[in-house]
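So this block is upload-v3.pdb, PDB, C-alpha atoms:
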MODEL        1
ATOM      1  CA  MET Q 704      -8.409 -11.313  25.323  1.00  0.00           C
ATOM      2  CA  ARG Q 705      -7.817 -15.008  25.146  1.00  0.00           C
ATOM      3  CA  PRO Q 706      -5.465 -16.275  27.833  1.00  0.00           C
ATOM      4  CA  SER Q 707      -3.758 -18.511  25.284  1.00  0.00           C
ATOM      5  CA  ALA Q 708      -2.662 -15.577  23.122  1.00  0.00           C
ATOM      6  CA  LYS Q 709       1.075 -14.947  23.178  1.00  0.00           C
ATOM      7  CA  GLN Q 710       2.626 -11.508  22.825  1.00  0.00           C
ATOM      8  CA  ALA Q 711       4.731 -11.024  19.693  1.00  0.00           C
ATOM      9  CA  GLY Q 712       7.850  -9.075  20.394  1.00  0.00           C
ATOM     10  CA  THR Q 713      11.319  -9.820  19.186  1.00  0.00           C
ATOM     11  CA  HIS Q 714      12.624 -10.121  15.643  1.00  0.00           C
ATOM     12  CA  THR Q 715      13.667 -13.700  16.300  1.00  0.00           C
ATOM     13  CA  ASP Q 716      10.049 -14.827  16.363  1.00  0.00           C
ATOM     14  CA  TRP Q 717       9.045 -12.576  13.451  1.00  0.00           C
ATOM     15  CA  PRO Q 718       6.592 -12.612  11.800  1.00  0.00           C
ATOM     16  CA  PRO Q 719       3.884 -13.003  14.452  1.00  0.00           C
ATOM     17  CA  GLU Q 720       1.837 -16.137  14.002  1.00  0.00           C
ATOM     18  CA  LYS Q 721      -1.866 -16.867  14.220  1.00  0.00           C
ATOM     19  CA  GLY Q 722      -3.105 -16.308  17.780  1.00  0.00           C
ATOM     20  CA  GLN Q 723      -0.299 -13.976  18.827  1.00  0.00           C
ATOM     21  CA  ILE Q 724      -1.039 -10.523  20.217  1.00  0.00           C
ATOM     22  CA  ILE Q 725       0.495  -7.601  18.371  1.00  0.00           C
ATOM     23  CA  THR Q 726       0.778  -3.959  19.392  1.00  0.00           C
ATOM     24  CA  PHE Q 727       0.528  -1.437  16.576  1.00  0.00           C
ATOM     25  CA  LYS Q 728       0.359   2.287  15.946  1.00  0.00           C
ATOM     26  CA  SER Q 729      -3.101   3.585  15.148  1.00  0.00           C
ATOM     27  CA  GLY Q 730      -3.113   7.350  14.697  1.00  0.00           C
ATOM     28  CA  ASN Q 731      -1.481   8.700  17.824  1.00  0.00           C
ATOM     29  CA  ALA Q 732      -2.426   5.686  19.908  1.00  0.00           C
ATOM     30  CA  LEU Q 733      -1.110   2.192  20.433  1.00  0.00           C
ATOM     31  CA  ARG Q 734      -3.583  -0.636  20.078  1.00  0.00           C
ATOM     32  CA  THR Q 735      -3.432  -4.388  20.327  1.00  0.00           C
ATOM     33  CA  GLY Q 736      -5.067  -7.231  18.469  1.00  0.00           C
ATOM     34  CA  VAL Q 737      -4.824 -10.954  17.908  1.00  0.00           C
ATOM     35  CA  VAL Q 738      -3.368 -12.140  14.612  1.00  0.00           C
ATOM     36  CA  LYS Q 739      -5.650 -14.249  12.448  1.00  0.00           C
ATOM     37  CA  GLU Q 740      -3.360 -14.485   9.446  1.00  0.00           C
ATOM     38  CA  ALA Q 741      -0.442 -12.828   7.700  1.00  0.00           C
ATOM     39  CA  ARG Q 742      -0.746 -12.226   3.962  1.00  0.00           C
ATOM     40  CA  TRP Q 743       1.414 -10.595   1.353  1.00  0.00           C
ATOM     41  CA  GLY Q 744      -0.001  -7.596  -0.438  1.00  0.00           C
ATOM     42  CA  LEU Q 745       1.366  -6.038  -3.613  1.00  0.00           C
ATOM     43  CA  VAL Q 746       4.204  -4.388  -1.679  1.00  0.00           C
ATOM     44  CA  TRP Q 747       4.260  -5.292   1.996  1.00  0.00           C
ATOM     45  CA  LEU Q 748       3.042  -7.845   4.509  1.00  0.00           C
ATOM     46  CA  ASP Q 749      -0.366  -7.262   6.104  1.00  0.00           C
ATOM     47  CA  PHE Q 750      -1.647  -8.865   9.283  1.00  0.00           C
ATOM     48  CA  VAL Q 751      -5.354  -9.596   9.425  1.00  0.00           C
ATOM     49  CA  LEU Q 752      -6.614  -9.524  13.006  1.00  0.00           C
ATOM     50  CA  GLU Q 753      -9.388 -11.645  14.416  1.00  0.00           C
ATOM     51  CA  ASP Q 754     -11.687  -8.605  14.519  1.00  0.00           C
ATOM     52  CA  GLY Q 755     -11.144  -7.968  10.784  1.00  0.00           C
ATOM     53  CA  ARG Q 756      -8.719  -5.059  11.014  1.00  0.00           C
ATOM     54  CA  VAL Q 757      -5.794  -5.154   8.584  1.00  0.00           C
ATOM     55  CA  ILE Q 758      -2.469  -3.900   9.942  1.00  0.00           C
ATOM     56  CA  PRO Q 759       0.580  -3.317   7.698  1.00  0.00           C
ATOM     57  CA  GLU Q 760       3.783  -4.825   9.048  1.00  0.00           C
ATOM     58  CA  HIS Q 761       5.496  -1.447   9.364  1.00  0.00           C
ATOM     59  CA  LYS Q 762       2.864  -0.223  11.854  1.00  0.00           C
ATOM     60  CA  ILE Q 763       3.541  -3.042  14.282  1.00  0.00           C
ATOM     61  CA  LEU Q 764       5.831  -2.273  17.181  1.00  0.00           C
ATOM     62  CA  ASP Q 765       9.256  -3.914  16.969  1.00  0.00           C
ATOM     63  CA  HIS Q 766       8.906  -4.884  13.312  1.00  0.00           C
ATOM     64  CA  PRO Q 767      12.225  -5.534  11.563  1.00  0.00           C
ATOM     65  CA  GLU Q 768      13.868  -2.406  10.102  1.00  0.00           C
ATOM     66  CA  PRO Q 769      13.648  -1.819   7.226  1.00  0.00           C
ATOM     67  CA  PRO Q 770      10.591  -3.946   6.534  1.00  0.00           C
ATOM     68  CA  VAL Q 771      10.702  -6.533   3.770  1.00  0.00           C
ATOM     69  CA  TRP Q 772       9.174  -5.290   0.532  1.00  0.00           C
ATOM     70  CA  ARG Q 773       8.090  -7.165  -2.556  1.00  0.00           C
ATOM     71  CA  LYS Q 774       9.558  -5.992  -5.802  1.00  0.00           C
ATOM     72  CA  ALA Q 775       6.971  -4.689  -8.263  1.00  0.00           C
ATOM     73  CA  GLU Q 776       8.168  -7.156 -10.890  1.00  0.00           C
ATOM     74  CA  GLU Q 777       7.338 -10.071  -8.570  1.00  0.00           C
ATOM     75  CA  VAL Q 778       3.629  -9.277  -8.844  1.00  0.00           C
ATOM     76  CA  THR Q 779       2.040 -11.243 -11.662  1.00  0.00           C
ATOM     77  CA  GLN Q 780      -0.408  -9.727 -14.102  1.00  0.00           C
ATOM     78  CA  ASP Q 781      -3.164 -12.015 -12.821  1.00  0.00           C
ATOM     79  CA  GLU Q 782      -2.508 -10.962  -9.235  1.00  0.00           C
ATOM     80  CA  ARG Q 783      -2.514  -7.280 -10.136  1.00  0.00           C
ATOM     81  CA  GLU Q 784      -5.688  -7.533 -12.194  1.00  0.00           C
ATOM     82  CA  ALA Q 785      -7.439  -9.466  -9.417  1.00  0.00           C
ATOM     83  CA  TRP Q 786      -6.378  -6.770  -6.958  1.00  0.00           C
ATOM     84  CA  GLU Q 787      -7.660  -4.006  -9.270  1.00  0.00           C
ATOM     85  CA  TRP Q 788     -10.952  -5.786  -9.808  1.00  0.00           C
ATOM     86  CA  ARG Q 789     -11.399  -6.206  -6.041  1.00  0.00           C
ATOM     87  CA  LEU Q 790     -10.631  -2.544  -5.386  1.00  0.00           C
ATOM     88  CA  VAL Q 791     -13.096  -1.301  -7.981  1.00  0.00           C
ATOM     89  CA  SER Q 792     -15.744  -3.718  -6.655  1.00  0.00           C
ATOM     90  CA  MET Q 793     -15.241  -2.470  -3.097  1.00  0.00           C
ATOM     91  CA  ALA Q 794     -15.435   1.167  -4.236  1.00  0.00           C
ATOM     92  CA  GLU Q 795     -18.569   0.537  -6.292  1.00  0.00           C
ATOM     93  CA  ALA Q 796     -20.132  -1.357  -3.389  1.00  0.00           C
ATOM     94  CA  GLY Q 797     -19.864   1.842  -1.389  1.00  0.00           C
ATOM     95  CA  LEU Q 798     -17.074   0.852   0.987  1.00  0.00           C
ATOM     96  CA  ASP Q 799     -15.404   3.877   2.493  1.00  0.00           C
ATOM     97  CA  PRO Q 800     -11.606   4.182   2.641  1.00  0.00           C
ATOM     98  CA  HIS Q 801     -12.065   6.430   5.670  1.00  0.00           C
ATOM     99  CA  ASP Q 802     -12.595   3.226   7.614  1.00  0.00           C
ATOM    100  CA  GLN Q 803      -8.925   3.018   8.433  1.00  0.00           C
ATOM    101  CA  GLU Q 804      -7.486  -0.421   9.143  1.00  0.00           C
ATOM    102  CA  GLN Q 805     -10.240  -2.087   7.141  1.00  0.00           C
ATOM    103  CA  SER Q 806      -9.608  -4.074   3.965  1.00  0.00           C
ATOM    104  CA  PHE Q 807     -10.495  -1.335   1.489  1.00  0.00           C
ATOM    105  CA  TRP Q 808      -8.190   1.208   3.106  1.00  0.00           C
ATOM    106  CA  ALA Q 809      -5.394  -1.367   3.339  1.00  0.00           C
ATOM    107  CA  GLU Q 810      -5.743  -2.592  -0.258  1.00  0.00           C
ATOM    108  CA  LEU Q 811      -6.055   0.888  -1.743  1.00  0.00           C
ATOM    109  CA  ASN Q 812      -2.955   1.990   0.162  1.00  0.00           C
ATOM    110  CA  GLN Q 813      -0.945  -0.950  -1.155  1.00  0.00           C
ATOM    111  CA  TYR Q 814      -2.209  -0.462  -4.705  1.00  0.00           C
ATOM    112  CA  LEU Q 815      -1.155   3.182  -4.806  1.00  0.00           C
ATOM    113  CA  ALA Q 816       2.276   2.313  -3.382  1.00  0.00           C
ATOM    114  CA  TYR Q 817       2.696  -0.506  -5.911  1.00  0.00           C
ATOM    115  CA  THR Q 818       1.567   1.623  -8.852  1.00  0.00           C
ATOM    116  CA  TYR Q 819       3.972   4.364  -7.858  1.00  0.00           C
ATOM    117  CA  LEU Q 820       6.916   1.977  -7.524  1.00  0.00           C
ATOM    118  CA  ARG Q 821       6.102   0.227 -10.760  1.00  0.00           C
ATOM    119  CA  PHE Q 822       5.685   3.189 -13.047  1.00  0.00           C
ATOM    120  CA  LYS Q 823       7.752   5.931 -11.485  1.00  0.00           C
ATOM    121  CA  GLN Q 824      10.775   6.800 -13.561  1.00  0.00           C
ATOM    122  CA  PRO Q 825      14.023   8.033 -11.979  1.00  0.00           C
ATOM    123  CA  GLY Q 826      14.207  11.785 -11.670  1.00  0.00           C
ATOM    124  CA  HIS Q 827      10.468  12.354 -11.533  1.00  0.00           C
ATOM    125  CA  GLN Q 828       9.517  13.771  -8.159  1.00  0.00           C
ATOM    126  CA  LEU Q 829       5.942  14.054  -7.014  1.00  0.00           C
ATOM    127  CA  PRO Q 830       4.726  17.384  -5.662  1.00  0.00           C
ATOM    128  CA  ASN Q 831       3.904  15.622  -2.416  1.00  0.00           C
ATOM    129  CA  ALA Q 832       7.551  14.774  -1.825  1.00  0.00           C
ATOM    130  CA  GLU Q 833       8.338  18.412  -1.177  1.00  0.00           C
ATOM    131  CA  LYS Q 834       5.361  18.723   1.121  1.00  0.00           C
ATOM    132  CA  ASN Q 835       6.692  15.822   3.175  1.00  0.00           C
ATOM    133  CA  GLY Q 836       9.966  17.615   3.707  1.00  0.00           C
ATOM    134  CA  VAL Q 837      12.270  15.439   1.653  1.00  0.00           C
TER     135      VAL Q 837
ATOM    136  CA  MET K 895      25.047 -13.597   5.723  1.00  0.00           C
ATOM    137  CA  ASN K 896      25.822 -10.030   4.788  1.00  0.00           C
ATOM    138  CA  ARG K 897      23.668  -8.841   1.875  1.00  0.00           C
ATOM    139  CA  PRO K 898      24.341  -5.127   1.538  1.00  0.00           C
ATOM    140  CA  TYR K 899      22.547  -4.780  -1.820  1.00  0.00           C
ATOM    141  CA  GLU K 900      19.350  -6.204  -0.458  1.00  0.00           C
ATOM    142  CA  GLU K 901      19.454  -3.936   2.580  1.00  0.00           C
ATOM    143  CA  SER K 902      20.036  -0.816   0.530  1.00  0.00           C
ATOM    144  CA  GLU K 903      17.264  -1.773  -1.888  1.00  0.00           C
ATOM    145  CA  LYS K 904      14.794  -2.082   0.997  1.00  0.00           C
ATOM    146  CA  GLU K 905      15.893   1.256   2.341  1.00  0.00           C
ATOM    147  CA  ARG K 906      15.526   2.832  -1.089  1.00  0.00           C
ATOM    148  CA  VAL K 907      11.960   1.578  -1.420  1.00  0.00           C
ATOM    149  CA  TRP K 908      11.126   2.843   2.065  1.00  0.00           C
ATOM    150  CA  ARG K 909      12.551   6.269   1.213  1.00  0.00           C
ATOM    151  CA  LEU K 910      10.681   6.462  -2.101  1.00  0.00           C
ATOM    152  CA  LEU K 911       7.361   5.554  -0.551  1.00  0.00           C
ATOM    153  CA  SER K 912       7.909   7.838   2.451  1.00  0.00           C
ATOM    154  CA  GLN K 913       8.762  10.751   0.190  1.00  0.00           C
ATOM    155  CA  ALA K 914       5.620  10.157  -1.829  1.00  0.00           C
ATOM    156  CA  GLY K 915       3.475   9.901   1.311  1.00  0.00           C
ATOM    157  CA  LEU K 916       2.380   6.393   0.386  1.00  0.00           C
ATOM    158  CA  ILE K 917       3.395   4.415   3.465  1.00  0.00           C
ATOM    159  CA  ASP K 918       0.360   5.148   5.586  1.00  0.00           C
ATOM    160  CA  ILE K 919      -2.098   7.305   3.663  1.00  0.00           C
ATOM    161  CA  PRO K 920      -4.459   9.405   5.772  1.00  0.00           C
ATOM    162  CA  PRO K 921      -7.976   8.674   4.475  1.00  0.00           C
ATOM    163  CA  ASP K 922      -8.609  12.300   3.528  1.00  0.00           C
ATOM    164  CA  ASP K 923      -5.517  12.215   1.309  1.00  0.00           C
ATOM    165  CA  PHE K 924      -6.677   9.393  -0.982  1.00  0.00           C
ATOM    166  CA  PRO K 925      -8.088  11.690  -3.713  1.00  0.00           C
ATOM    167  CA  GLU K 926      -4.794  13.568  -3.968  1.00  0.00           C
ATOM    168  CA  ARG K 927      -2.699  10.376  -3.871  1.00  0.00           C
ATOM    169  CA  ILE K 928      -4.832   8.858  -6.638  1.00  0.00           C
ATOM    170  CA  LYS K 929      -4.264  11.982  -8.746  1.00  0.00           C
ATOM    171  CA  GLU K 930      -0.523  11.729  -8.137  1.00  0.00           C
ATOM    172  CA  ALA K 931      -0.508   8.053  -9.065  1.00  0.00           C
ATOM    173  CA  LYS K 932      -2.363   8.914 -12.275  1.00  0.00           C
ATOM    174  CA  ARG K 933       0.283  11.514 -13.093  1.00  0.00           C
ATOM    175  CA  VAL K 934       3.030   8.925 -12.634  1.00  0.00           C
ATOM    176  CA  VAL K 935       1.252   6.350 -14.793  1.00  0.00           C
ATOM    177  CA  MET K 936       0.434   8.902 -17.499  1.00  0.00           C
ATOM    178  CA  GLY K 937       4.075   9.994 -17.581  1.00  0.00           C
ATOM    179  CA  ARG K 938       5.224   6.434 -18.053  1.00  0.00           C
ATOM    180  CA  LEU K 939       2.486   5.690 -20.578  1.00  0.00           C
ATOM    181  CA  GLY K 940       3.577   8.697 -22.612  1.00  0.00           C
ATOM    182  CA  GLU K 941       7.104   7.339 -22.755  1.00  0.00           C
ATOM    183  CA  LEU K 942       5.876   3.892 -23.701  1.00  0.00           C
ATOM    184  CA  LEU K 943       3.705   5.262 -26.489  1.00  0.00           C
ATOM    185  CA  GLU K 944       6.756   6.859 -28.080  1.00  0.00           C
ATOM    186  CA  GLY K 945       8.340   3.456 -28.562  1.00  0.00           C
ATOM    187  CA  THR K 946       7.202   0.411 -30.423  1.00  0.00           C
ATOM    188  CA  THR K 947       8.284  -2.154 -27.837  1.00  0.00           C
ATOM    189  CA  ASN K 948       6.993  -2.922 -24.351  1.00  0.00           C
ATOM    190  CA  ILE K 949       3.477  -3.499 -25.595  1.00  0.00           C
ATOM    191  CA  GLN K 950       2.617  -5.516 -22.518  1.00  0.00           C
ATOM    192  CA  GLU K 951       3.810  -2.794 -20.166  1.00  0.00           C
ATOM    193  CA  ARG K 952       1.906  -0.236 -22.216  1.00  0.00           C
ATOM    194  CA  GLU K 953      -1.274  -2.259 -21.815  1.00  0.00           C
ATOM    195  CA  SER K 954      -0.611  -2.646 -18.084  1.00  0.00           C
ATOM    196  CA  ALA K 955      -0.104   1.086 -17.689  1.00  0.00           C
ATOM    197  CA  ALA K 956      -3.304   1.813 -19.624  1.00  0.00           C
ATOM    198  CA  TYR K 957      -5.215  -0.704 -17.499  1.00  0.00           C
ATOM    199  CA  SER K 958      -3.835   0.783 -14.272  1.00  0.00           C
ATOM    200  CA  LEU K 959      -4.739   4.264 -15.431  1.00  0.00           C
ATOM    201  CA  ALA K 960      -8.292   3.135 -16.156  1.00  0.00           C
ATOM    202  CA  THR K 961      -8.505   1.551 -12.708  1.00  0.00           C
ATOM    203  CA  LEU K 962      -7.277   4.716 -11.013  1.00  0.00           C
ATOM    204  CA  LYS K 963      -9.830   6.777 -12.950  1.00  0.00           C
ATOM    205  CA  ARG K 964     -12.647   4.435 -11.957  1.00  0.00           C
ATOM    206  CA  LEU K 965     -11.558   4.577  -8.317  1.00  0.00           C
ATOM    207  CA  GLU K 966     -11.301   8.340  -8.443  1.00  0.00           C
ATOM    208  CA  THR K 967     -14.724   8.722 -10.025  1.00  0.00           C
ATOM    209  CA  THR K 968     -16.410   6.280  -7.675  1.00  0.00           C
ATOM    210  CA  LEU K 969     -14.837   7.674  -4.525  1.00  0.00           C
ATOM    211  CA  CYS K 970     -15.553  11.223  -5.650  1.00  0.00           C
ATOM    212  CA  ARG K 971     -19.189  10.354  -6.333  1.00  0.00           C
ATOM    213  CA  SER K 972     -19.701   8.654  -2.986  1.00  0.00           C
ATOM    214  CA  GLY K 973     -17.251  10.779  -1.006  1.00  0.00           C
ATOM    215  CA  LYS K 974     -18.365  12.561   2.082  1.00  0.00           C
ATOM    216  CA  PRO K 975     -16.200  15.124   3.826  1.00  0.00           C
ATOM    217  CA  ARG K 976     -14.888  13.580   7.020  1.00  0.00           C
ATOM    218  CA  SER K 977     -12.780  16.461   8.271  1.00  0.00           C
ATOM    219  CA  SER K 978     -14.636  16.509  11.586  1.00  0.00           C
ATOM    220  CA  ASP K 979     -13.401  12.994  12.465  1.00  0.00           C
TER     221      ASP K 979
ENDMDL
END
Translate the structure described by the file into structure tokens.
Amino acid sequence: MRPSAKQAGTHTDWPPEKGQIITFKSGNALRTGVVKEARWGLVWLDFVLEDGRVIPEHKILDHPEPPVWRKAEEVTQDEREAWEWRLVSMAEAGLDPHDQEQSFWAELNQYLAYTYLRFKQPGHQLPNAEKNGV
Amino acid sequence: MNRPYEESEKERVWRLLSQAGLIDIPPDDFPERIKEAKRVVMGRLGELLEGTTNIQERESAAYSLATLKRLETTLCRSGKPRSSD
């Protein structure tokens, strides 16, 4: 790890900047990485690490609670269509969403969350909601 | 500055996505989550088709549904069971 990298920690210096070290949840483990850039997805903020992993803000230790979300109506049609085109291209290129913390997994996750928020009507509950105990 | 509406809106979104299992999708759950997203979009599209307004939203819903179907088909075609991971 580069000696110049600074550990991100408190909400006062949120979000972590390029070069800062972040600690994040990965399965049952905690891992660290160096931030390359922060970028807004369709719903939440993602941090791209120098090794290419993509970490959603809410998986980073000490992120602000609740995280900041984008409203579905803030996403432009061009942005959504570009996102959809990219997703289909990645799928057709054979990328595997099992590669957790890689771009395809991260973008597919955000797209499904966005689509749900955008089109879900009040009162309609998904079968999965029950399974998740809520 | 106190902004209670904004806070509650964030919490509402978090709750909705948590309930739907869409915050941090386990890779093996993508096929099921795509199916669920399709159900949501089809439900909304059905409502939109009953009206004569919201043509743009209707087109967006149809486009999203097509994207979800393409993703589902492609991932299903190339999918390999990874339960041993």
Residues near range 963-968 of chain K, cut-off 8 Å, all atoms listed in the file, skip fewer than 5 positions along chain, as a list of chain:residue names: Q:Leu790, Q:Val791, Q:Ala794, Q:Glu795, K:Pro925, K:Ile928, K:Lys929, K:Lys932
Evaluate the ChimeraX specification (/K :<10) & /Q and report residues as a ChimeraX atom specification: /Q:730,746-747,759,761-762,768-774,780,783-784,787-788,790-803,808-809,811-824,827-837
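Atom to atom, CA of Arg789 in chain Q and CA of Ile724 in chain Q stand 28.6 Å apart.
Computed from the coordinates, the CA of Pro718 in chain Q to CA of Arg756 in chain Q distance equals 17.1 Å.
Interatomic distance, CA of Glu777 in chain Q against CA of Leu942 in chain K: 20.6 Å.
For the choices Q:Ile758, Q:Val751, Q:Ala775, Q:Ile763, the atom-to-atom distance to Val738 in chain Q is smallest for Q:Val751 when using only C-alpha atoms.
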Closest of Q:Gly744, Q:Asp781, Q:Lys739, Q:Leu764 to Lys721 in chain Q - atom-to-atom distances counting all atoms listed in the file: Q:Lys739
